[in-house]
Amino acid sequence: MIGLILRYSNLTKIGIIIDEHSDCYQFSDDLWLEDTTLQCGMKIYFDLNLANKITKIYKENKGG
């Protein structure tokens, strides 16, 4: 899924992602698969399990 980091705290390492349907999901930074720092407003991809919990978050796919 494609989403946007709506909120993220460097202190708690917890944030909120909003998807293209305006659904929000809470996450922790241990799900972030990249070496770059998470930032509010960052466009990302994320995967959900059957319980609608985020399983991994990664950078936008630039290759299409």
# chains A, B, ... in the order shown; residues from 1 in each chain; ligands from 1
$ residues_around --residues "range 13-16 of chain A" --least-positions-apart "3" --cutoff "10 Å" --atoms "only C-alpha atoms" --output "VMD selection string"
chain A and resid 3 to 10 24 to 30 38 to 40
$ closest_residue --among "A:Leu11, A:Ile57, A:Ile2, A:Leu31" --to "Lys43 in chain A" --atoms "only C-alpha atoms"
A:Ile2
$ atom_distance --atom1 "CA of Thr12 in chain A" --atom2 "CA of Asn52 in chain A"
21.8 Å
$ closest_residue --among "A:Met1, A:His21, A:Ile44, A:Thr37" --to "Tyr58 in chain A" --atoms "only C-alpha atoms"
A:Ile44
$ atom_distance --atom1 "CA of Asn49 in chain A" --atom2 "CA of Glu20 in chain A"
17.4 Å
$ atom_distance --atom1 "CA of Ser22 in chain A" --atom2 "CA of Thr36 in chain A"
25.0 Å
$ select_by_dssp --residues "range 20-58 of chain A" --states "strand (DSSP E or B)" --output "list in words"
Cys24, Tyr25, Gln26, Phe27, Ser28, Trp32, Lys43, Ile44, Tyr45, Phe46, Asp47, Leu48, Ile54, Thr55, Lys56, Ile57 and Tyr58 of chain A
$ write_last_selection --atoms "N, CA and C atoms" --output "PDB file, in the first residue's frame"
ATOM      1  N   CYS A  24      -5.929   5.313   8.888  1.00  0.00           N
ATOM      2  CA  CYS A  24      -4.697   5.559   9.648  1.00  0.00           C
ATOM      3  C   CYS A  24      -4.248   4.289  10.360  1.00  0.00           C
ATOM      4  N   TYR A  25      -2.924   4.143  10.444  1.00  0.00           N
ATOM      5  CA  TYR A  25      -2.311   2.974  11.080  1.00  0.00           C
ATOM      6  C   TYR A  25      -1.160   3.438  11.954  1.00  0.00           C
ATOM      7  N   GLN A  26      -1.090   2.911  13.169  1.00  0.00           N
ATOM      8  CA  GLN A  26       0.031   3.213  14.053  1.00  0.00           C
ATOM      9  C   GLN A  26       1.189   2.279  13.727  1.00  0.00           C
ATOM     10  N   PHE A  27       2.415   2.785  13.883  1.00  0.00           N
ATOM     11  CA  PHE A  27       3.600   1.966  13.639  1.00  0.00           C
ATOM     12  C   PHE A  27       4.711   2.359  14.590  1.00  0.00           C
ATOM     13  N   SER A  28       5.700   1.475  14.712  1.00  0.00           N
ATOM     14  CA  SER A  28       6.931   1.805  15.431  1.00  0.00           C
ATOM     15  C   SER A  28       8.085   1.718  14.446  1.00  0.00           C
ATOM     16  N   TRP A  32      10.557  -0.051   9.957  1.00  0.00           N
ATOM     17  CA  TRP A  32      11.183   0.719   8.878  1.00  0.00           C
ATOM     18  C   TRP A  32      12.395  -0.040   8.354  1.00  0.00           C
ATOM     19  N   LYS A  43       6.506  10.075   1.756  1.00  0.00           N
ATOM     20  CA  LYS A  43       5.692   9.094   1.042  1.00  0.00           C
ATOM     21  C   LYS A  43       6.391   7.744   1.135  1.00  0.00           C
ATOM     22  N   ILE A  44       5.640   6.723   1.516  1.00  0.00           N
ATOM     23  CA  ILE A  44       6.219   5.396   1.761  1.00  0.00           C
ATOM     24  C   ILE A  44       5.294   4.312   1.225  1.00  0.00           C
ATOM     25  N   TYR A  45       5.814   3.105   1.183  1.00  0.00           N
ATOM     26  CA  TYR A  45       5.020   1.898   0.948  1.00  0.00           C
ATOM     27  C   TYR A  45       4.962   1.140   2.266  1.00  0.00           C
ATOM     28  N   PHE A  46       3.874   0.409   2.482  1.00  0.00           N
ATOM     29  CA  PHE A  46       3.790  -0.426   3.676  1.00  0.00           C
ATOM     30  C   PHE A  46       2.917  -1.635   3.394  1.00  0.00           C
ATOM     31  N   ASP A  47       3.159  -2.691   4.160  1.00  0.00           N
ATOM     32  CA  ASP A  47       2.399  -3.929   4.035  1.00  0.00           C
ATOM     33  C   ASP A  47       1.601  -4.162   5.311  1.00  0.00           C
ATOM     34  N   LEU A  48       0.414  -4.723   5.144  1.00  0.00           N
ATOM     35  CA  LEU A  48      -0.459  -5.053   6.272  1.00  0.00           C
ATOM     36  C   LEU A  48      -0.654  -6.559   6.351  1.00  0.00           C
ATOM     37  N   ILE A  54       0.490  -3.060  10.463  1.00  0.00           N
ATOM     38  CA  ILE A  54       1.633  -2.879   9.568  1.00  0.00           C
ATOM     39  C   ILE A  54       2.706  -3.906   9.899  1.00  0.00           C
ATOM     40  N   THR A  55       3.241  -4.545   8.848  1.00  0.00           N
ATOM     41  CA  THR A  55       4.303  -5.536   9.032  1.00  0.00           C
ATOM     42  C   THR A  55       5.659  -5.024   8.570  1.00  0.00           C
ATOM     43  N   LYS A  56       5.662  -4.087   7.600  1.00  0.00           N
ATOM     44  CA  LYS A  56       6.914  -3.462   7.174  1.00  0.00           C
ATOM     45  C   LYS A  56       6.618  -2.181   6.439  1.00  0.00           C
ATOM     46  N   ILE A  57       7.613  -1.271   6.512  1.00  0.00           N
ATOM     47  CA  ILE A  57       7.510   0.043   5.872  1.00  0.00           C
ATOM     48  C   ILE A  57       8.797   0.253   5.090  1.00  0.00           C
ATOM     49  N   TYR A  58       8.656   0.747   3.872  1.00  0.00           N
ATOM     50  CA  TYR A  58       9.839   0.971   3.047  1.00  0.00           C
ATOM     51  C   TYR A  58       9.621   2.172   2.137  1.00  0.00           C
TER      52      TYR A  58
END
$ decode --residues "range 5-64 of chain A" --atoms "C-alpha atoms" --output "short mmCIF file (atom, residue, chain, number, x, y, z; two decimals), in the first residue's frame"
data_model
loop_
_atom_site.label_atom_id
_atom_site.label_comp_id
_atom_site.auth_asym_id
_atom_site.auth_seq_id
_atom_site.Cartn_x
_atom_site.Cartn_y
_atom_site.Cartn_z
CA ILE A 5 3.80 9.53 7.41
CA LEU A 6 1.29 11.76 9.15
CA ARG A 7 3.01 11.88 12.56
CA TYR A 8 6.28 10.57 13.91
CA SER A 9 8.08 11.11 17.22
CA ASN A 10 11.85 10.69 17.43
CA LEU A 11 11.41 10.44 21.20
CA THR A 12 8.92 7.55 21.31
CA LYS A 13 9.82 6.07 17.88
CA ILE A 14 6.08 5.72 17.18
CA GLY A 15 4.08 7.28 14.37
CA ILE A 16 0.91 7.29 12.28
CA ILE A 17 0.62 6.47 8.58
CA ILE A 18 -2.37 7.53 6.49
CA ASP A 19 -3.21 5.64 3.29
CA GLU A 20 -4.89 6.75 0.07
CA HIS A 21 -8.33 5.93 1.56
CA SER A 22 -7.69 8.13 4.63
CA ASP A 23 -7.30 5.08 6.90
CA CYS A 24 -4.70 5.56 9.65
CA TYR A 25 -2.31 2.97 11.08
CA GLN A 26 0.03 3.21 14.05
CA PHE A 27 3.60 1.97 13.64
CA SER A 28 6.93 1.80 15.43
CA ASP A 29 10.26 2.52 13.76
CA ASP A 30 11.42 -1.11 14.04
CA LEU A 31 9.18 -1.77 10.98
CA TRP A 32 11.18 0.72 8.88
CA LEU A 33 13.43 -1.23 6.48
CA GLU A 34 15.56 1.68 5.23
CA ASP A 35 18.72 3.41 6.49
CA THR A 36 17.27 6.92 6.19
CA THR A 37 15.52 8.77 9.00
CA LEU A 38 11.72 8.75 9.14
CA GLN A 39 10.10 12.16 8.64
CA CYS A 40 6.58 13.54 8.68
CA GLY A 41 5.24 13.98 5.16
CA MET A 42 7.41 11.19 3.73
CA LYS A 43 5.69 9.09 1.04
CA ILE A 44 6.22 5.40 1.76
CA TYR A 45 5.02 1.90 0.95
CA PHE A 46 3.79 -0.43 3.68
CA ASP A 47 2.40 -3.93 4.04
CA LEU A 48 -0.46 -5.05 6.27
CA ASN A 49 -1.25 -8.45 7.75
CA LEU A 50 -4.76 -9.94 7.94
CA ALA A 51 -5.40 -8.04 11.18
CA ASN A 52 -4.67 -4.70 9.42
CA LYS A 53 -1.43 -4.23 11.35
CA ILE A 54 1.63 -2.88 9.57
CA THR A 55 4.30 -5.54 9.03
CA LYS A 56 6.91 -3.46 7.17
CA ILE A 57 7.51 0.04 5.87
CA TYR A 58 9.84 0.97 3.05
CA LYS A 59 10.68 3.81 0.67
CA GLU A 60 8.58 4.71 -2.29
CA ASN A 61 9.47 2.54 -5.27
CA LYS A 62 11.19 4.87 -7.73
CA GLY A 63 11.45 2.18 -10.41
CA GLY A 64 7.73 1.91 -11.06
#
